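One structure below.
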Amino acid sequence: MCGRRRCRIEASIRGRIAIGFLVTLLATWLAWPGGGAAADAVVTGVWLTQDDQAQVRISDCGDKLCGTIVALRDPLAPDGQPKTDTRNRDASLHSRPIVGLQILRDFIRLDGKRWGDGTIYNPEDGDTYRCTITLDNPVTLIVRGYVGIPLFGKTQIWHRVTE
């Protein structure tokens with residue numbers, strides 16, 4: 001048994017030790033690679049698609065992320081005119097240029113390195129897919145387009161373009 005005063009002192013010391021432990025734990029987590037640093041992951045910028053056919057600028061669109069095609073390896077159609085969205089299911093959109101086309105929409109941050117709840121439009125087949133993007137490292141982006149659940153999809157690796 002301890003006296004009232006001694007018990008209060010011991011409780012106070014235990015509380016200070018617990019707070020010190022939590023502060024140390026938090027500081028360690030923030031300093032650990034992939035811990036607090038992940039919260040600062042920067043996905044905005046220009047990315048080269050896996051097939052090296054297009055460059056996509058990912059930027060903030062309000063409180064979400066979006067991505068727009070800013071360059072194509074081959075920007076002209078066989079007739080010498082800029083390529084257009086001819087494979088879109090909506091025929092009224094066939095004349096819109098591919099360069100300047102927003103293909104990533106409505107992404108929200110899921111955690112420090114992942115964004116989801118967005119869509120990706122594929123001008124090669126005219127379809128829109130659900131999508132997640134993950135910053136693997138500062139220069140590598142994993143883009144997963146899918147139908148229904150991520151299990152039924154395709155993954156591409158995009159690389160950051162140094163401007």
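Following the order of the structure tokens, first chain is A, next is B, and so on, with residues numbered from 1 inside each chain and ligands from 1 in the order they appear.
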Leaving out segment 143-155 of chain A and any residue of its chain fewer than 3 positions from it, which residues lie within 9 Å of it when counting only C-alpha atoms, given as a ChimeraX atom specification? /A:119-120,128-135,158
Got time to write the residues from that selection, C-alpha atoms, as a compact mmCIF listing (two decimals), in the first residue's frame?
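This is the output file selection09.txt:
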# COMPACT_ATOMS: atom_id res chain seq x y z
CA THR A 119 -11.69 7.47 -63.09
CA ILE A 120 -9.36 7.18 -66.06
CA THR A 128 -13.74 5.10 -68.81
CA TYR A 129 -12.53 2.93 -65.93
CA ARG A 130 -12.38 3.24 -62.17
CA CYS A 131 -8.83 3.92 -61.11
CA THR A 132 -6.35 4.15 -58.27
CA ILE A 133 -2.94 5.77 -58.39
CA THR A 134 -0.07 5.06 -56.03
CA LEU A 135 3.17 6.99 -55.74
CA TRP A 158 4.26 5.88 -65.30
Non-local contacts of segment 71-73 of chain A (7 Å; only C-alpha atoms; under 3 positions in same chain excluded) as an NGL selection string: :A and (53-55 or 99)
Near His94 of chain A, counting only C-alpha atoms, which residues have an atom at most 12 Å away, once you skip same-chain residues fewer than 4 positions from it, shown as a PDB file with N, CA and C atoms, in the first residue's frame?
ATOM      1  N   LYS A  83      -4.551  14.658 -83.624  1.00  0.00           N
ATOM      2  CA  LYS A  83      -5.372  13.493 -83.277  1.00  0.00           C
ATOM      3  C   LYS A  83      -6.559  13.941 -82.433  1.00  0.00           C
ATOM      4  N   THR A  84      -7.696  13.288 -82.692  1.00  0.00           N
ATOM      5  CA  THR A  84      -8.924  13.597 -81.961  1.00  0.00           C
ATOM      6  C   THR A  84      -9.475  12.330 -81.313  1.00  0.00           C
ATOM      7  N   ASP A  85     -10.479  12.494 -80.505  1.00  0.00           N
ATOM      8  CA  ASP A  85     -11.064  11.429 -79.698  1.00  0.00           C
ATOM      9  C   ASP A  85     -12.053  10.589 -80.512  1.00  0.00           C
ATOM     10  N   THR A  86     -11.577   9.995 -81.598  1.00  0.00           N
ATOM     11  CA  THR A  86     -12.443   9.285 -82.537  1.00  0.00           C
ATOM     12  C   THR A  86     -13.036   7.985 -81.988  1.00  0.00           C
ATOM     13  N   ARG A  87     -12.465   7.434 -80.932  1.00  0.00           N
ATOM     14  CA  ARG A  87     -12.966   6.165 -80.399  1.00  0.00           C
ATOM     15  C   ARG A  87     -13.966   6.358 -79.257  1.00  0.00           C
ATOM     16  N   ASN A  88     -14.276   7.597 -78.923  1.00  0.00           N
ATOM     17  CA  ASN A  88     -15.231   7.870 -77.851  1.00  0.00           C
ATOM     18  C   ASN A  88     -16.593   7.300 -78.236  1.00  0.00           C
ATOM     19  N   ARG A  89     -17.290   6.718 -77.278  1.00  0.00           N
ATOM     20  CA  ARG A  89     -18.618   6.137 -77.542  1.00  0.00           C
ATOM     21  C   ARG A  89     -19.641   7.210 -77.893  1.00  0.00           C
ATOM     22  N   ASP A  90     -19.386   8.423 -77.459  1.00  0.00           N
ATOM     23  CA  ASP A  90     -20.266   9.550 -77.768  1.00  0.00           C
ATOM     24  C   ASP A  90     -19.748  10.227 -79.043  1.00  0.00           C
ATOM     25  N   ILE A  98      -7.016  15.194 -78.640  1.00  0.00           N
ATOM     26  CA  ILE A  98      -6.473  14.350 -77.584  1.00  0.00           C
ATOM     27  C   ILE A  98      -5.568  15.186 -76.667  1.00  0.00           C
ATOM     28  N   LEU A 101      -6.957  16.813 -73.426  1.00  0.00           N
ATOM     29  CA  LEU A 101      -8.056  15.981 -72.945  1.00  0.00           C
ATOM     30  C   LEU A 101      -7.804  15.556 -71.492  1.00  0.00           C
ATOM     31  N   PRO A 123      -8.397   6.992 -74.306  1.00  0.00           N
ATOM     32  CA  PRO A 123      -8.778   7.391 -75.664  1.00  0.00           C
ATOM     33  C   PRO A 123      -8.502   6.322 -76.714  1.00  0.00           C
ATOM     34  N   GLY A 126     -11.889   4.350 -75.969  1.00  0.00           N
ATOM     35  CA  GLY A 126     -13.076   5.168 -75.741  1.00  0.00           C
ATOM     36  C   GLY A 126     -13.840   4.842 -74.466  1.00  0.00           C
TER      37      GLY A 126
END
Could you work out how far atom CA of Arg96 of chain A lies from atom CA of Trp47 of chain A, giving the answer in Å with one decimal? 21.7 Å
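When atom CA of Val139 of chain A is paired with atom CA of Asp63 of chain A, their separation reads 23.0 Å.
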Looking only at helix (DSSP H, G or I) from DSSP on the backbone, list the matching residues of segment 37-99 of chain A as a PyMOL selection string. chain A and resi 37-39+91-93
Now that the selection is made, can you save its residues with N, CA and C atoms as a PDB file, in the first residue's frame?
ATOM      1  N   ALA A  37       6.623  11.176 -43.840  1.00  0.00           N
ATOM      2  CA  ALA A  37       7.041  11.655 -45.148  1.00  0.00           C
ATOM      3  C   ALA A  37       6.022  11.287 -46.214  1.00  0.00           C
ATOM      4  N   ALA A  38       5.316  10.171 -46.033  1.00  0.00           N
ATOM      5  CA  ALA A  38       4.323   9.764 -47.014  1.00  0.00           C
ATOM      6  C   ALA A  38       3.201  10.777 -47.121  1.00  0.00           C
ATOM      7  N   ALA A  39       2.907  11.441 -46.029  1.00  0.00           N
ATOM      8  CA  ALA A  39       1.833  12.430 -46.064  1.00  0.00           C
ATOM      9  C   ALA A  39       2.202  13.599 -46.960  1.00  0.00           C
ATOM     10  N   ALA A  91     -20.440  10.012 -80.139  1.00  0.00           N
ATOM     11  CA  ALA A  91     -19.997  10.529 -81.435  1.00  0.00           C
ATOM     12  C   ALA A  91     -19.840  12.046 -81.447  1.00  0.00           C
ATOM     13  N   SER A  92     -20.570  12.745 -80.608  1.00  0.00           N
ATOM     14  CA  SER A  92     -20.448  14.208 -80.584  1.00  0.00           C
ATOM     15  C   SER A  92     -19.094  14.664 -80.026  1.00  0.00           C
ATOM     16  N   LEU A  93     -18.335  13.752 -79.416  1.00  0.00           N
ATOM     17  CA  LEU A  93     -17.019  14.095 -78.850  1.00  0.00           C
ATOM     18  C   LEU A  93     -15.860  13.675 -79.748  1.00  0.00           C
TER      19      LEU A  93
END
